[in-house]
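Data block for coords32.txt (compact mmCIF, C-alpha atoms):
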# COMPACT_ATOMS: atom_id res chain seq x y z
CA MET A 198 -52.86 85.86 70.36
CA THR A 199 -54.97 84.17 73.05
CA ASP A 200 -56.76 86.01 75.86
CA ALA A 201 -54.16 84.78 78.33
CA GLN A 202 -51.29 85.94 76.12
CA GLU A 203 -52.92 89.37 75.84
CA THR A 204 -53.13 89.47 79.62
CA ALA A 205 -49.45 88.61 79.99
CA ALA A 206 -48.54 91.32 77.48
CA ASP A 207 -50.72 93.96 79.15
CA SER A 208 -48.38 95.99 81.35
CA SER A 209 -51.34 97.61 83.09
CA LEU A 210 -51.97 94.30 84.87
CA ARG A 211 -48.43 94.15 86.19
CA THR A 212 -49.14 95.69 89.57
CA THR A 213 -46.24 96.01 91.96
CA GLY A 214 -48.30 95.84 95.13
CA GLY A 215 -45.49 97.70 96.89
CA ALA A 216 -42.95 94.99 96.10
CA PRO A 217 -39.32 96.10 96.03
CA PRO A 218 -37.63 96.75 92.67
CA ALA A 219 -34.37 95.17 91.59
CA ASP A 220 -31.19 96.23 93.37
CA ASP A 221 -30.71 99.30 91.18
CA GLY A 222 -34.42 100.05 91.15
CA LEU A 223 -34.61 99.51 87.41
CA ALA A 224 -35.16 96.63 85.01
CA PRO A 225 -34.67 96.51 81.23
CA GLU A 226 -37.89 97.23 79.37
CA GLY A 227 -40.05 94.15 79.11
CA LEU A 228 -37.89 91.97 81.37
CA PRO A 229 -39.29 90.60 84.64
CA ILE A 230 -37.88 91.96 87.89
CA PRO A 231 -36.27 89.50 90.33
CA LEU A 232 -38.09 89.60 93.66
CA LEU A 233 -35.27 89.12 96.14
CA GLU A 234 -36.61 90.26 99.51
CA PRO A 235 -40.04 90.62 101.15
CA ARG A 236 -41.03 94.30 101.25
CA ASP A 237 -41.08 94.29 105.07
CA GLY A 238 -38.15 91.92 105.52
CA ILE A 239 -38.34 88.30 106.67
CA PRO A 240 -40.82 88.06 109.55
CA PRO A 241 -39.82 86.09 112.66
CA VAL A 242 -41.12 82.54 112.92
CA ILE A 243 -44.04 82.37 115.35
CA ALA A 244 -43.38 79.47 117.72
CA ASP A 245 -45.14 80.30 121.00
CA GLU A 246 -48.70 81.06 122.10
CA GLU A 247 -48.03 84.67 123.11
CA SER A 248 -46.58 85.57 119.71
CA LEU A 249 -49.37 83.65 118.00
CA ALA A 250 -52.01 85.68 119.87
CA THR A 251 -50.39 88.87 118.58
CA VAL A 252 -50.54 87.58 115.01
CA VAL A 253 -54.17 86.49 115.40
CA ALA A 254 -55.13 89.99 116.59
CA ALA A 255 -53.21 91.65 113.75
CA PHE A 256 -54.81 89.50 111.05
CA ALA A 257 -58.27 89.91 112.55
CA ALA A 258 -57.81 93.69 112.34
CA GLY A 259 -56.42 93.58 108.79
CA THR A 260 -58.40 94.35 105.65
CA GLY A 261 -59.04 92.56 102.38
CA PRO A 262 -58.24 89.00 101.37
CA VAL A 263 -55.66 86.87 103.18
CA ALA A 264 -52.87 85.18 101.24
CA VAL A 265 -52.29 81.70 102.69
CA ASP A 266 -49.69 79.05 101.92
CA ALA A 267 -48.30 75.97 103.66
CA GLU A 268 -45.08 74.01 103.32
CA ARG A 269 -44.98 70.24 103.80
CA ALA A 270 -42.11 67.76 103.95
CA SER A 271 -43.23 65.39 101.21
CA GLY A 272 -40.59 62.77 100.53
CA TYR A 273 -39.02 63.28 103.96
CA ARG A 274 -41.75 62.75 106.58
CA TYR A 275 -44.73 60.45 106.96
CA GLY A 276 -48.00 62.00 105.88
CA GLN A 277 -48.74 65.46 104.53
CA ARG A 278 -48.77 67.64 107.65
CA ALA A 279 -47.85 71.31 107.48
CA TYR A 280 -44.44 72.35 108.79
CA LEU A 281 -44.76 76.07 108.04
CA VAL A 282 -47.77 78.30 107.43
CA GLN A 283 -47.37 81.64 105.65
CA LEU A 284 -49.94 84.43 105.61
CA ARG A 285 -50.15 88.01 104.40
CA ARG A 286 -52.91 90.60 104.71
CA GLU A 287 -53.18 94.32 104.18
CA GLY A 288 -52.70 96.03 107.53
CA ALA A 289 -51.16 92.94 109.13
CA GLY A 290 -48.13 92.31 106.96
CA SER A 291 -46.69 88.82 106.58
CA ALA A 292 -46.46 86.05 109.18
CA LEU A 293 -44.59 82.75 109.29
CA ILE A 294 -46.01 80.27 111.80
CA ASP A 295 -44.46 77.01 113.01
CA PRO A 296 -47.39 74.55 113.31
CA VAL A 297 -45.17 72.05 115.10
CA ALA A 298 -44.66 74.47 117.99
CA CYS A 299 -48.21 75.85 117.60
CA PRO A 300 -50.26 72.83 116.49
CA ASP A 301 -53.68 74.41 117.11
CA LEU A 302 -54.32 77.33 114.76
CA SER A 303 -58.10 77.21 115.11
CA GLY A 304 -58.06 80.64 116.76
CA LEU A 305 -56.33 82.10 113.71
CA GLY A 306 -58.69 80.20 111.44
CA GLU A 307 -61.68 81.70 113.23
CA ALA A 308 -60.20 85.21 113.16
CA ILE A 309 -59.98 85.15 109.36
CA GLY A 310 -62.68 82.53 108.74
CA ASP A 311 -65.13 84.90 107.03
CA THR A 312 -62.44 86.48 104.88
CA GLU A 313 -61.57 85.30 101.40
CA TRP A 314 -58.40 83.18 101.47
CA VAL A 315 -56.12 83.37 98.45
CA LEU A 316 -54.22 80.14 97.80
CA HIS A 317 -52.33 78.70 94.86
CA ALA A 318 -53.42 75.12 94.10
CA ALA A 319 -55.77 75.15 97.09
CA THR A 320 -56.57 71.43 97.05
CA GLN A 321 -52.93 70.69 97.91
CA ASP A 322 -52.83 72.89 101.02
CA LEU A 323 -56.36 72.72 102.41
CA PRO A 324 -56.06 69.17 103.87
CA CYS A 325 -52.99 69.99 105.96
CA LEU A 326 -54.46 73.36 106.99
CA ARG A 327 -57.65 71.62 108.08
CA GLU A 328 -55.59 69.34 110.35
CA ILE A 329 -54.38 72.36 112.35
CA GLY A 330 -57.79 74.04 112.59
CA MET A 331 -57.70 76.38 109.60
CA VAL A 332 -60.80 76.01 107.43
CA PRO A 333 -61.85 78.80 105.04
CA SER A 334 -65.40 79.66 104.09
CA ARG A 335 -64.36 81.42 100.86
CA ILE A 336 -61.31 80.99 98.68
CA PHE A 337 -59.70 82.31 95.51
CA ASP A 338 -57.40 79.76 93.87
CA THR A 339 -54.88 81.54 91.63
CA GLU A 340 -53.75 78.32 89.94
CA LEU A 341 -57.30 77.32 89.02
CA ALA A 342 -58.03 80.88 87.95
CA GLY A 343 -55.07 80.67 85.60
CA ARG A 344 -56.37 77.44 84.11
CA LEU A 345 -59.83 78.89 83.50
CA ALA A 346 -58.31 82.02 81.98
CA GLY A 347 -56.26 79.94 79.55
CA PHE A 348 -52.72 80.51 80.79
CA PRO A 349 -50.41 77.82 79.38
CA ARG A 350 -48.24 77.70 82.55
CA VAL A 351 -50.00 77.96 85.89
CA GLY A 352 -47.26 77.39 88.46
CA LEU A 353 -46.99 80.24 90.96
CA GLY A 354 -43.65 81.44 89.60
CA ALA A 355 -44.87 81.39 86.00
CA MET A 356 -48.09 83.21 86.89
CA VAL A 357 -46.36 85.92 88.93
CA GLU A 358 -43.88 86.46 86.10
CA SER A 359 -46.38 86.56 83.23
CA VAL A 360 -49.05 88.61 85.02
CA LEU A 361 -47.15 90.79 87.48
CA GLY A 362 -43.72 90.96 85.89
CA TYR A 363 -41.71 89.60 88.83
CA VAL A 364 -39.50 86.54 89.14
CA LEU A 365 -39.84 84.41 92.26
CA GLU A 366 -36.90 82.28 93.38
CA LYS A 367 -38.27 78.70 93.49
CA GLY A 368 -35.18 76.76 94.54
CA HIS A 369 -36.47 75.60 97.92
CA SER A 370 -39.83 74.12 96.97
CA ALA A 371 -38.75 70.50 97.61
CA VAL A 372 -36.58 70.90 100.72
CA ASP A 373 -37.21 69.18 104.06
CA TRP A 374 -39.48 71.73 105.77
CA SER A 375 -39.42 69.68 108.99
CA THR A 376 -35.84 70.94 109.52
CA ARG A 377 -35.44 73.03 112.68
CA PRO A 378 -34.35 75.75 112.81
CA LEU A 379 -35.36 76.64 109.26
CA PRO A 380 -32.50 78.32 107.35
CA GLU A 381 -32.95 81.99 106.50
CA PRO A 382 -32.96 81.45 102.69
CA TRP A 383 -35.88 79.02 103.10
CA LEU A 384 -37.79 81.52 105.23
CA ARG A 385 -37.18 84.23 102.63
CA TYR A 386 -38.54 81.92 99.94
CA ALA A 387 -41.58 81.10 102.10
CA ALA A 388 -42.36 84.75 102.79
CA LEU A 389 -42.06 85.64 99.10
CA ASP A 390 -44.60 82.94 98.22
CA VAL A 391 -47.37 85.07 99.77
CA GLU A 392 -45.84 88.45 98.96
CA LEU A 393 -47.72 89.00 95.70
CA LEU A 394 -50.49 86.43 95.99
CA VAL A 395 -53.25 89.01 96.58
CA ASP A 396 -51.91 91.17 93.74
CA LEU A 397 -52.04 88.13 91.48
CA ARG A 398 -55.58 87.41 92.64
CA ASP A 399 -56.70 90.96 91.79
CA ALA A 400 -55.19 90.82 88.31
CA LEU A 401 -56.68 87.40 87.57
CA GLU A 402 -60.10 88.51 88.79
CA LYS A 403 -60.01 91.34 86.25
CA GLU A 404 -58.94 88.96 83.50
CA LEU A 405 -61.63 86.39 84.31
CA ASP A 406 -64.21 89.16 84.34
CA ARG A 407 -62.96 90.40 80.95
CA GLN A 408 -63.35 86.89 79.52
CA GLY A 409 -66.80 86.42 81.06
CA LYS A 410 -65.56 83.61 83.29
CA LEU A 411 -65.55 85.21 86.74
CA GLU A 412 -68.80 83.61 87.87
CA TRP A 413 -67.55 80.25 86.60
CA ALA A 414 -64.44 80.65 88.73
CA ARG A 415 -66.50 81.55 91.78
CA GLU A 416 -68.55 78.38 91.36
CA GLU A 417 -65.33 76.37 91.23
CA PHE A 418 -63.90 78.10 94.30
CA ASP A 419 -67.11 77.54 96.26
CA ALA A 420 -67.05 73.85 95.34
CA ILE A 421 -63.50 73.49 96.64
CA ALA A 422 -64.19 75.38 99.88
CA SER A 423 -67.33 73.35 100.64
CA ALA A 424 -65.94 69.93 99.67
CA PRO A 425 -65.74 67.44 102.56
CA PRO A 426 -62.41 65.79 103.42
CA ALA A 427 -61.49 63.00 101.01
CA PRO A 428 -62.25 59.52 102.40
CA PRO A 429 -59.32 57.16 103.02
CA ARG A 430 -58.17 55.46 99.84
CA LYS A 431 -59.23 51.81 99.55
CA ASP A 432 -56.37 49.32 99.13
CA PRO A 433 -53.65 51.99 98.88
CA TRP A 434 -51.03 49.25 98.42
CA ARG A 435 -52.37 48.76 94.89
CA ARG A 436 -50.82 52.12 93.95
CA THR A 437 -47.29 50.77 94.49
CA SER A 438 -45.16 51.92 91.55
CA GLY A 439 -44.51 48.99 89.22
CA MET A 440 -47.62 47.13 90.35
CA HIS A 441 -48.52 46.41 86.72
CA LYS A 442 -45.74 43.79 86.66
CA VAL A 443 -47.37 41.78 89.45
CA ARG A 444 -49.82 39.28 87.93
CA ARG A 445 -50.35 36.43 90.39
CA ARG A 446 -52.52 36.68 93.47
CA ARG A 447 -49.81 35.27 95.76
CA GLN A 448 -47.40 37.90 94.48
CA MET A 449 -50.03 40.57 95.09
CA ALA A 450 -50.29 39.34 98.66
CA VAL A 451 -46.53 39.87 99.05
CA VAL A 452 -46.94 43.47 97.87
CA ARG A 453 -49.77 44.01 100.34
CA GLU A 454 -47.87 42.55 103.31
CA LEU A 455 -44.63 44.41 102.54
CA TRP A 456 -46.51 47.68 101.89
CA THR A 457 -48.39 47.36 105.20
CA ALA A 458 -45.23 46.51 107.15
CA ARG A 459 -43.38 49.42 105.55
CA ASP A 460 -46.23 51.82 106.33
CA LYS A 461 -46.19 50.88 110.01
CA VAL A 462 -42.42 51.42 110.23
CA ALA A 463 -42.63 54.74 108.38
CA GLN A 464 -45.44 55.98 110.61
CA ARG A 465 -43.60 54.96 113.76
CA ARG A 466 -40.37 56.66 112.62
CA ASP A 467 -42.18 59.63 110.98
CA VAL A 468 -40.31 59.26 107.72
CA SER A 469 -41.45 58.95 104.14
CA PRO A 470 -42.29 55.29 103.32
CA GLY A 471 -39.95 55.45 100.34
CA LYS A 472 -37.03 56.07 102.70
CA VAL A 473 -37.87 52.87 104.59
CA LEU A 474 -38.19 50.59 101.55
CA SER A 475 -38.58 51.56 97.91
CA ASP A 476 -41.56 50.58 95.78
CA GLY A 477 -39.11 48.93 93.41
CA ALA A 478 -37.82 46.66 96.18
CA ILE A 479 -41.37 45.67 97.13
CA VAL A 480 -42.16 44.69 93.54
CA GLU A 481 -38.88 42.77 93.20
CA ALA A 482 -39.69 40.74 96.30
CA ALA A 483 -43.23 40.10 95.08
CA LEU A 484 -42.02 38.78 91.73
CA ALA A 485 -39.37 36.54 93.34
CA VAL A 486 -41.29 35.44 96.48
CA PRO A 487 -37.94 34.65 98.16
CA PRO A 488 -37.87 31.46 100.28
CA ASN A 489 -35.48 32.87 102.90
CA MET A 490 -33.48 35.92 104.02
CA HIS A 491 -30.45 34.92 101.96
CA ALA A 492 -32.51 34.97 98.78
CA LEU A 493 -34.19 38.23 99.86
CA ALA A 494 -30.83 39.93 100.46
CA ALA A 495 -29.80 39.12 96.89
CA LEU A 496 -32.68 41.17 95.46
CA THR A 497 -32.37 44.78 94.32
CA GLY A 498 -33.29 47.09 97.19
CA PHE A 499 -32.37 44.61 99.94
CA GLY A 500 -28.60 44.85 99.55
CA HIS A 501 -25.66 44.70 101.94
CA ARG A 502 -26.53 48.04 103.60
CA MET A 503 -29.65 46.52 105.10
CA GLY A 504 -29.18 45.05 108.58
CA ARG A 505 -30.22 41.57 109.63
CA ARG A 506 -33.08 42.87 111.76
CA GLN A 507 -34.54 44.76 108.79
CA LEU A 508 -34.20 41.73 106.53
CA GLU A 509 -35.97 39.63 109.15
CA GLN A 510 -39.00 41.95 109.27
CA TRP A 511 -39.30 42.02 105.45
CA GLN A 512 -38.90 38.25 105.15
CA ALA A 513 -41.54 37.82 107.84
CA ALA A 514 -43.93 39.88 105.70
CA VAL A 515 -43.15 37.68 102.68
CA ASP A 516 -43.71 34.57 104.77
CA ARG A 517 -47.09 35.86 105.95
CA ALA A 518 -48.17 36.27 102.33
CA LYS A 519 -46.90 32.77 101.48
CA ALA A 520 -48.90 31.27 104.36
CA LEU A 521 -52.24 32.81 103.41
CA PRO A 522 -54.96 30.40 102.24
CA ASP A 523 -56.09 30.96 98.66
CA ALA A 524 -59.41 32.37 99.81
CA GLU A 525 -57.63 35.28 101.54
CA LEU A 526 -55.44 36.27 98.60
CA PRO A 527 -56.26 39.64 96.98
CA GLN A 528 -58.22 39.65 93.76
CA PRO A 529 -56.40 40.73 90.57
CA GLY A 530 -58.40 43.88 89.89
CA GLN A 531 -59.29 46.65 92.28
CA THR A 532 -63.03 46.98 92.70
CA VAL A 533 -64.06 50.31 91.28
CA SER A 534 -67.40 51.98 90.89
CA GLY A 535 -68.50 53.33 87.58
CA PRO A 536 -67.73 52.32 84.01
CA PRO A 537 -64.91 49.99 82.91
CA PRO A 538 -61.72 51.33 81.28
CA PRO A 539 -62.59 52.98 77.93
CA ARG A 540 -60.21 50.70 76.02
CA SER A 541 -62.63 47.82 76.63
CA TRP A 542 -65.76 49.67 75.52
CA ALA A 543 -65.54 48.81 71.82
CA ASP A 544 -65.82 45.09 72.64
CA ARG A 545 -68.24 45.32 75.57
CA ASP A 546 -70.60 48.02 74.31
CA PRO A 547 -69.88 49.46 70.83
CA ALA A 548 -72.74 51.96 71.15
CA ALA A 549 -71.28 53.35 74.38
CA ALA A 550 -67.86 53.56 72.70
CA ALA A 551 -69.40 55.59 69.89
CA ARG A 552 -71.10 57.90 72.37
CA LEU A 553 -67.83 58.43 74.23
CA SER A 554 -65.92 59.20 71.03
CA ALA A 555 -68.50 61.78 69.98
CA ALA A 556 -68.66 63.30 73.47
CA ARG A 557 -64.89 63.61 73.77
CA ALA A 558 -64.65 65.34 70.41
CA ALA A 559 -67.43 67.75 71.35
CA VAL A 560 -65.92 68.58 74.75
CA SER A 561 -62.51 69.09 73.15
CA ALA A 562 -63.95 71.56 70.65
CA ILE A 563 -65.75 73.54 73.36
CA ALA A 564 -62.66 73.64 75.58
CA GLU A 565 -60.56 74.91 72.68
CA GLU A 566 -63.12 77.61 71.93
CA LEU A 567 -63.20 78.66 75.60
CA ASN A 568 -59.39 78.46 75.83
CA MET A 569 -59.19 76.20 78.87
CA PRO A 570 -58.12 72.60 79.62
CA GLN A 571 -60.77 69.98 78.91
CA GLU A 572 -60.60 68.60 82.45
CA ASN A 573 -61.56 72.02 83.83
CA LEU A 574 -64.49 72.33 81.46
CA ILE A 575 -65.86 68.95 82.61
CA THR A 576 -64.03 66.04 84.24
CA PRO A 577 -63.27 63.07 81.97
CA ASP A 578 -64.78 60.75 84.59
CA THR A 579 -68.11 62.59 84.42
CA VAL A 580 -68.16 62.29 80.62
CA ARG A 581 -67.39 58.56 80.83
CA ARG A 582 -70.13 57.90 83.37
CA VAL A 583 -72.79 59.73 81.40
CA CYS A 584 -71.76 57.99 78.17
CA TRP A 585 -71.70 54.54 79.77
CA GLU A 586 -75.09 54.93 81.41
CA PRO A 587 -76.96 57.74 79.63
CA PRO A 588 -80.44 58.84 80.75
CA ALA A 589 -83.28 56.67 79.46
CA GLN A 590 -84.72 59.70 77.70
CA VAL A 591 -81.92 61.83 76.29
CA ASP A 592 -82.79 65.53 76.35
CA ALA A 593 -81.35 68.72 77.81
CA ASP A 594 -83.06 68.33 81.19
CA SER A 595 -82.11 64.69 81.71
CA VAL A 596 -78.49 65.21 80.66
CA ALA A 597 -78.20 68.31 82.86
CA SER A 598 -79.58 66.31 85.80
CA ALA A 599 -77.13 63.48 85.16
CA LEU A 600 -74.19 65.90 85.05
CA ALA A 601 -75.31 67.57 88.28
CA ALA A 602 -75.62 64.16 89.97
CA HIS A 603 -71.95 63.54 89.15
CA GLY A 604 -70.89 66.86 90.71
CA ALA A 605 -70.72 69.14 87.67
CA ARG A 606 -71.13 72.84 88.44
CA GLN A 607 -73.92 74.86 86.83
CA TRP A 608 -71.60 76.74 84.49
CA GLN A 609 -70.16 73.44 83.24
CA ILE A 610 -73.65 72.03 82.71
CA THR A 611 -74.64 75.08 80.70
CA GLN A 612 -71.58 74.87 78.47
CA VAL A 613 -71.54 71.14 77.66
CA THR A 614 -75.16 69.95 77.84
CA PRO A 615 -76.17 70.77 74.24
CA ALA A 616 -73.10 69.02 72.82
CA LEU A 617 -73.54 65.99 75.07
CA VAL A 618 -77.20 65.67 74.12
CA ALA A 619 -76.12 65.45 70.49
CA ALA A 620 -73.34 62.96 71.30
CA LEU A 621 -75.60 60.71 73.38
CA ALA A 622 -78.27 60.69 70.70

Exercise: express the given structure as structure tokens:
Amino acid sequence: MTDAQETAADSSLRTTGGAPPADDGLAPEGLPIPLLEPRDGIPPVIADEESLATVVAAFAAGTGPVAVDAERASGYRYGQRAYLVQLRREGAGSALIDPVACPDLSGLGEAIGDTEWVLHAATQDLPCLREIGMVPSRIFDTELAGRLAGFPRVGLGAMVESVLGYVLEKGHSAVDWSTRPLPEPWLRYAALDVELLVDLRDALEKELDRQGKLEWAREEFDAIASAPPAPPRKDPWRRTSGMHKVRRRRQMAVVRELWTARDKVAQRRDVSPGKVLSDGAIVEAALAVPPNMHALAALTGFGHRMGRRQLEQWQAAVDRAKALPDAELPQPGQTVSGPPPPRSWADRDPAAAARLSAARAAVSAIAEELNMPQENLITPDTVRRVCWEPPAQVDADSVASALAAHGARQWQITQVTPALVAALA
């Protein structure tokens, strides 16, 4: 039995945190309890400045960590903005805030800024929280904690069930959170997402401490909280699904023009780009390079439901790509920094390929011994970079310095440096 399995089996870690029992107050021995209602009921949605000020005061006066979550409308709206923010803190209860009606939550962010924020998969929510003025100084990420502790399933529902013994209803995770007013079942789901988050944090902290990994987790959390916003992605059109089918530069130009035109329409209409034109349709048009609207309309994704005006704008994008001089056509490969794809190493640099093979095997063995995913022990990209361009003098100090230069945390450096020194030698 692994450490994580022992944790899941340890009933002493299944804290209720005041959560309500099942309808009859009982559950069969060993079975998780469905969590059907927030302990204080569904809080009203905060949608005006006066109500928001009351919430800010309550959370500023609360005690202990703050559970924070955000709901987006991925697949429905353009971008990744927050459409609902949920919080819970001892002494303040739970709050549901509409960031559309209250777009500036910097006052709330400042009120709880010095408090530890508890999030699940923090890197998903922090960007949209930052947009509305909520930036934490300290976090505890329950999903990442679960990974470091060796739990095989780290979704919020799975973690709450295995650690705390409660079942969360997860049926509304992919709904359109831009809907107004939000239906009551969705609000119940949203409130329950932060109901036990602090309880889960407390149990995972104990487990990480038991495994000797608590300081490692804190280093990871600090790195996430202090990370700057991600820079805009270069040439995002290259990530069009099915792009691997597009080989010729002129066809790539068609993808770029259609992707750019679609993005402008989606942004203007505030809808997901995929609802404007599918990636599959873009690739079909790129492969065919249709000479006119009639030919375009015959392609998959441009069928009879599409109006003439829409067909005209897509054909215009195709025509722009066809008219480009050769010098302005995109190059086949995206310019990337760092080493080439590992599959080419054996031909380009057999010694580097041998180093990478040895390093991967060593990292895998350490990760298995520590009972955590390899990518959490050290990122595969870091291993590749150090193996492709190792220090001139391979020793513990030089390898540790190289790892730190690529962003590895101190605990990671301590764990993998000896094995990487051997692999690089």

Exercise. Separation of atom CA of Met440 of chain A and atom CA of Val480 of chain A, in Å?
Worked result: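 Atom CA of Val480 of chain A lies 6.8 Å from atom CA of Met440 of chain A.
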
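Summary of the local environment: counting only C-alpha atoms, residues at most 10 Å from Glu246 of chain A, other than itself and those fewer than 4 positions away along its chain, are A:Ala250, A:Thr251, A:Val252, A:Ala298, A:Cys299, A:Asp301, A:Leu302.
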
Problem set entry | Neighbour list for segment 328-332 of chain A as a ChimeraX atom specification, cut-off 9 Å, all atoms listed in the file, skip fewer than 3 positions in-chain | /A:278-279,296,299-307,310,323-325,422

Problem set entry | atom CA of Leu508 of chain A to atom CA of Glu481 of chain A, straight-line distance in Å |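 If I compute the distance from atom CA of Glu481 of chain A to atom CA of Leu508 of chain A, I get 14.2 Å.
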
Exercise. Nearest to Glu268 of chain A: which of A:Ala388, A:Phe337, A:Pro577, A:Gly238 is it, counting all atoms listed in the file?
Worked result: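 That would be A:Ala388, the residue with the smallest distance to Glu268 of chain A.
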
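One finds atom CA of Asp266 of chain A at 5.9 Å from atom CA of Val282 of chain A.
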
Exercise. Need the neighbours of (-59.5, 50.0, 96.8): which residues are at most 12 Å away, counting all atoms listed in the file, as a PyMOL selection string?
Worked result: chain A and resi 428-436+453+527-534

Include C-alpha atoms and write out the residues we just selected as a JSON list (two decimals), keeping the file's coordinate frame.
[["chain", "number", "residue", "atom", "x", "y", "z"],
["A", 428, "PRO", "CA", -62.25, 59.52, 102.40],
["A", 429, "PRO", "CA", -59.32, 57.16, 103.02],
["A", 430, "ARG", "CA", -58.17, 55.46, 99.84],
["A", 431, "LYS", "CA", -59.23, 51.81, 99.55],
["A", 432, "ASP", "CA", -56.37, 49.32, 99.13],
["A", 433, "PRO", "CA", -53.65, 51.99, 98.88],
["A", 434, "TRP", "CA", -51.03, 49.25, 98.42],
["A", 435, "ARG", "CA", -52.37, 48.76, 94.89],
["A", 436, "ARG", "CA", -50.82, 52.12, 93.95],
["A", 453, "ARG", "CA", -49.77, 44.01, 100.34],
["A", 527, "PRO", "CA", -56.26, 39.64, 96.98],
["A", 528, "GLN", "CA", -58.22, 39.65, 93.76],
["A", 529, "PRO", "CA", -56.40, 40.73, 90.57],
["A", 530, "GLY", "CA", -58.40, 43.88, 89.89],
["A", 531, "GLN", "CA", -59.29, 46.65, 92.28],
["A", 532, "THR", "CA", -63.03, 46.98, 92.70],
["A", 533, "VAL", "CA", -64.06, 50.31, 91.28],
["A", 534, "SER", "CA", -67.40, 51.98, 90.89]]

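Look at everything within 12 Å of (-55.5, 37.0, 90.6) using only C-alpha atoms, and the residues you get are Val443, Arg444, Arg445, Arg446, Arg447, Gln448, Met449, Ala450, Asp523, Ala524, Glu525, Leu526, Pro527, Gln528, Pro529, Gly530 and Gln531 of chain A.
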
Exercise. From the set A:Pro587, A:Gly409, A:Gly354, A:Pro536, which residue has the shortest atom-to-atom contact distance to Leu394 of chain A, counting only C-alpha atoms?
Worked result: A:Gly354

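Closest approach to Ala420 of chain A from the set A:Ser334, A:Gln507, A:Ser370, A:Thr611 is made by A:Ser334, with distances taken over only C-alpha atoms.
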
Problem set entry | Selection: 7 Å around segment 545-560 of chain A, only C-alpha atoms, excl. self and same-chain fewer than 6 positions, as a list in words | Gln571, Arg581, Cys584, Trp585, Val613, Ala616, Leu617, Ala620 and Leu621 of chain A

Tell me which protein, DNA and RNA residues are within 8 Å of segment 595-598 of chain A, counting only C-alpha atoms, leaving out same-chain ones fewer than 2 positions away, and put them as a compact mmCIF listing (two decimals) with C-alpha atoms, keeping the file's coordinate frame.
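So the final result, stored in around_37.txt, reads:
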# COMPACT_ATOMS: atom_id res chain seq x y z
CA VAL A 583 -72.79 59.73 81.40
CA PRO A 587 -76.96 57.74 79.63
CA PRO A 588 -80.44 58.84 80.75
CA GLN A 590 -84.72 59.70 77.70
CA VAL A 591 -81.92 61.83 76.29
CA ASP A 592 -82.79 65.53 76.35
CA ALA A 593 -81.35 68.72 77.81
CA LEU A 600 -74.19 65.90 85.05
CA ALA A 601 -75.31 67.57 88.28
CA ALA A 602 -75.62 64.16 89.97
CA ILE A 610 -73.65 72.03 82.71
CA THR A 611 -74.64 75.08 80.70
CA THR A 614 -75.16 69.95 77.84
CA LEU A 617 -73.54 65.99 75.07
CA VAL A 618 -77.20 65.67 74.12

Exercise. Which one of A:Asp390, A:Glu247, A:Glu358, A:Asp419 sits closest to Ala267 of chain A if you count only C-alpha atoms?
Worked result: A:Asp390

Seminar exercise, completed: Using only C-alpha atoms, the shortest atom-to-atom distance to Asp311 of chain A among A:Gly362, A:Gly290, A:Gly352, A:Gly261 belongs to A:Gly261

Problem set entry | Minimum-distance residue to Val265 of chain A, chosen among A:Glu566, A:Asp295, A:Asp338, A:Glu586 (using only C-alpha atoms) |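 Of the candidates, the smallest distance to Val265 of chain A is held by A:Asp338.
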